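See below for the structure under consideration.
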Amino acid sequence: MVNTRIDAATERFALLGGTLAHTWSPQIHNSIFDAGGVNAIYLPMPCPPETLQSMVEVMRTTFSGFNVTIPYKEAVIPFLDELDETATACGAVNTVEITPRGSLIGHNTDGLGLSRALREGFVELNNTDAVVLGAGGAARIAAFEVLKRGGRVMIAARDAQKREAFVHSLAETQKDGAARISHCAMDDIPGTHELLINCTPVGMYPHSDACPVEDETLDRFNAVFDMIYNPPVTRLLAAGERLGLKTVGGFGMLYYQAVEAQKIWFGREIAPKSQRAIKKELEKLL
Ligand code: NAP
């Protein structure tokens, strides 16, 4: 069959990252382009660290926008011209807007993706009392989003030194939220809470038998969100369902951060009904 879809007017978008063998972003973005009748293409572009700066310059001159993923969400910042408020505060960029004059503006849509996924799962994020497992990049986004929405956050991570450094640097991003941050060991989470957010890779394929917390701990929560989306139902989510918690898997976050990225690039988004239909189709492929 002759491919007439790509022509001289096709807008180019890309994902810059390290190893991109398992990324879902091209499927998500290209499906949304198709549904919206947009003449655009989204390509995964893995690049070694020493090529990051030159790849960013290629983006500036020949692409209309791009995403950034592990391990470059922080490393890309010196090569950009401006950061929006969220990217500045969380110190990481996942979406870059290219203005008509060729300026590169860094945004971060991961937090919005998280909050939209939770809302879709009927889990309230505003003013919540959350425990975040892990102290890496995803934990920072989750904690930042909880604090931004007026909630309290307890960081539960295995390494005390990393945990304290993480909490210290998170507190520095806050005007009045610092008093709402606490921390504990991952295997000794005290009290009862609204929401548990897993931001560790524990339970991810191929180690799908692992679970980051015991049932006894999970039973002291009302809802659980797992950032992992492979497998779609992790051991943690299965345990949550068994214990009667509301459960939300990680694919929604990945999907809605992409929807939010396109909103930045195009200034609009496709109808909510189409958004849900595409997500459902993609979930069948997970
Ligand atoms: P990261 O920066 O490497 O942080 C991982 C965190 O998990 C670190 O605090 C690490 O602790 C901890 N950890 C790793 N293995 C552990 C174990 N066996 N037991 C206890 N803690 C452990 O990674 P990240 O970027 O934050 O990503 C974390 C997870 O979220 C990944 O599975 C990633 O795929 C997922 N994610 C999903 C989305 C989405 O859209 N759904 C978005 C971003 C990330 P140490 O420092 O002590 O090793």
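Ordering of the structure tokens sets the chain letters (A, B, ...), residue numbers begin anew at 1 in every chain, and ligands are numbered from 1 in the order given.
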Next on the checklist: What parts of region 41-195 of chain A does DSSP call strand (DSSP E or B)? I'd like the answer as a VMD selection string.
Outcome noted: chain A and resid 41 to 46 65 to 68 82 to 83 95 to 98 104 to 107 129 to 133 152 to 157 181 to 185 193 to 195
Item to check | Exercise: region 26-39 of chain A partners within 8 Å, only C-alpha atoms, chain neighbours under 5 positions left out, as a PyMOL selection string | outcome: chain A and resi 5-6+9-11+44+255+258-259+270+274-275+278+282
Would you tabulate, counting only C-alpha atoms and all ligand atoms, all residues of chain A that have an atom at most 8 Å from an atom of ligand 1, showing the closest pair of atoms and their distance in Å to one decimal, sorted by chain then ascending number, as a Markdown table?
```
| residue | atom | partner | partner_atom_place_in_ligand_line | distance |
| --- | --- | --- | --- | --- |
| A:Ile70 | CA | ligand 1 | 25 (O) | 6.7 |
| A:Asp110 | CA | ligand 1 | 40 (O) | 6.7 |
| A:Gly113 | CA | ligand 1 | 40 (O) | 7.3 |
| A:Leu114 | CA | ligand 1 | 40 (O) | 7.3 |
| A:Leu133 | CA | ligand 1 | 7 (O) | 7.3 |
| A:Gly134 | CA | ligand 1 | 9 (O) | 3.7 |
| A:Ala135 | CA | ligand 1 | 9 (O) | 3.6 |
| A:Gly136 | CA | ligand 1 | 4 (O) | 3.4 |
| A:Gly137 | CA | ligand 1 | 26 (O) | 3.8 |
| A:Ala138 | CA | ligand 1 | 26 (O) | 3.5 |
| A:Ala139 | CA | ligand 1 | 26 (O) | 5.5 |
| A:Arg140 | CA | ligand 1 | 26 (O) | 7.5 |
| A:Ala157 | CA | ligand 1 | 9 (O) | 6.0 |
| A:Arg158 | CA | ligand 1 | 20 (C) | 5.5 |
| A:Asp159 | CA | ligand 1 | 47 (O) | 5.1 |
| A:Lys162 | CA | ligand 1 | 46 (O) | 6.6 |
| A:Arg163 | CA | ligand 1 | 9 (O) | 7.8 |
| A:Met186 | CA | ligand 1 | 20 (C) | 7.2 |
| A:Asn198 | CA | ligand 1 | 30 (O) | 7.4 |
| A:Cys199 | CA | ligand 1 | 28 (C) | 4.6 |
| A:Thr200 | CA | ligand 1 | 7 (O) | 3.5 |
| A:Pro201 | CA | ligand 1 | 32 (O) | 3.5 |
| A:Val202 | CA | ligand 1 | 18 (N) | 5.4 |
| A:Met204 | CA | ligand 1 | 32 (O) | 6.3 |
| A:Pro212 | CA | ligand 1 | 19 (N) | 6.6 |
| A:Asp226 | CA | ligand 1 | 41 (N) | 7.6 |
| A:Met227 | CA | ligand 1 | 41 (N) | 4.2 |
| A:Ile228 | CA | ligand 1 | 32 (O) | 5.0 |
| A:Tyr229 | CA | ligand 1 | 41 (N) | 6.1 |
| A:Gly249 | CA | ligand 1 | 41 (N) | 7.7 |
| A:Gly250 | CA | ligand 1 | 41 (N) | 3.9 |
| A:Phe251 | CA | ligand 1 | 41 (N) | 5.3 |
| A:Gly252 | CA | ligand 1 | 41 (N) | 7.0 |
| A:Met253 | CA | ligand 1 | 40 (O) | 4.5 |
| A:Leu254 | CA | ligand 1 | 40 (O) | 3.5 |
| A:Tyr255 | CA | ligand 1 | 40 (O) | 7.2 |
| A:Gln257 | CA | ligand 1 | 40 (O) | 7.2 |
```
Checklist entry - So, counting only C-alpha atoms, which residue among A:Leu285, A:Ile141, A:Ile197, A:Cys184 is closest to Met154 (chain A)? => result A:Cys184
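If only C-alpha atoms are the atoms counted, then among A:Leu195, A:Ala21, A:Val68, A:Ala40 the closest residue to Val96 (chain A) is A:Val68.
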Checklist outcome for this item: The distance between CA of Thr4 (chain A) and CA of Met45 (chain A) is 22.9 Å
With DSSP run on the backbone, what are the helix (DSSP H, G or I) residues within region 7-88 of chain A? I'd like them as an mmCIF file with C-alpha atoms, in the first residue's frame.
```cif
data_model
loop_
_atom_site.group_PDB
_atom_site.id
_atom_site.type_symbol
_atom_site.label_atom_id
_atom_site.label_comp_id
_atom_site.auth_asym_id
_atom_site.auth_seq_id
_atom_site.Cartn_x
_atom_site.Cartn_y
_atom_site.Cartn_z
ATOM 1 C CA SER A 25 4.851 7.473 23.808
ATOM 2 C CA PRO A 26 4.916 7.070 19.981
ATOM 3 C CA GLN A 27 1.773 4.895 20.062
ATOM 4 C CA ILE A 28 0.017 7.365 22.346
ATOM 5 C CA HIS A 29 0.931 10.539 20.447
ATOM 6 C CA ASN A 30 0.441 9.123 16.957
ATOM 7 C CA SER A 31 -2.973 7.700 17.975
ATOM 8 C CA ILE A 32 -4.027 11.127 19.227
ATOM 9 C CA PHE A 33 -2.764 12.799 16.016
ATOM 10 C CA ASP A 34 -4.772 10.292 13.950
ATOM 11 C CA ALA A 35 -7.933 10.780 16.011
ATOM 12 C CA GLY A 36 -7.675 14.571 15.711
ATOM 13 C CA PRO A 49 24.508 11.815 26.635
ATOM 14 C CA GLU A 50 27.232 13.436 24.553
ATOM 15 C CA THR A 51 24.733 14.075 21.731
ATOM 16 C CA LEU A 52 21.965 15.573 23.858
ATOM 17 C CA GLN A 53 22.849 19.221 23.193
ATOM 18 C CA SER A 54 23.139 18.767 19.441
ATOM 19 C CA MET A 55 19.887 16.776 19.380
ATOM 20 C CA VAL A 56 18.163 19.645 21.172
ATOM 21 C CA GLU A 57 19.455 22.010 18.447
ATOM 22 C CA VAL A 58 18.101 19.660 15.764
ATOM 23 C CA MET A 59 14.751 19.835 17.533
ATOM 24 C CA ARG A 60 14.855 23.632 17.583
ATOM 25 C CA THR A 61 15.366 23.913 13.825
ATOM 26 C CA THR A 62 13.427 20.976 12.400
ATOM 27 C CA ILE A 77 17.522 22.186 31.306
ATOM 28 C CA PRO A 78 20.798 24.062 30.510
ATOM 29 C CA PHE A 79 20.029 23.716 26.785
ATOM 30 C CA GLU A 85 6.627 27.603 36.795
ATOM 31 C CA THR A 86 6.096 23.864 37.323
ATOM 32 C CA ALA A 87 9.312 22.806 35.584
ATOM 33 C CA THR A 88 11.223 25.449 37.569
#
```
Checklist outcome for this item: Pairwise distance, CA of Gly267 (chain A) with CA of Glu97 (chain A), equals 10.8 Å
Item to check | Distance in Å - CA of Glu120 (chain A) versus CA of Glu260 (chain A) | outcome: 14.8 Å
Checklist outcome for this item: Using only C-alpha atoms, the shortest atom-to-atom distance to Thr234 (chain A) among A:Phe122, A:Phe13, A:Phe144, A:Tyr205 belongs to A:Tyr205
Next on the checklist: Need to verify the contact set: Pro190 (chain A), 12 Å, only C-alpha atoms, exclusion of same-chain residues closer than 2 positions in sequence. Can you return it as number ranges by chain?
Outcome noted: A: 131, 154-156, 182-188, 192-193, 216-218, 220-221
Next on the checklist: Excluding Gly121 (chain A) and its own-chain neighbours fewer than 5 positions away, which residues fall within 10 Å of it when counting only C-alpha atoms? Please give them as a VMD selection string.
Outcome noted: chain A and resid 115 to 116 223 225 246 to 249 252
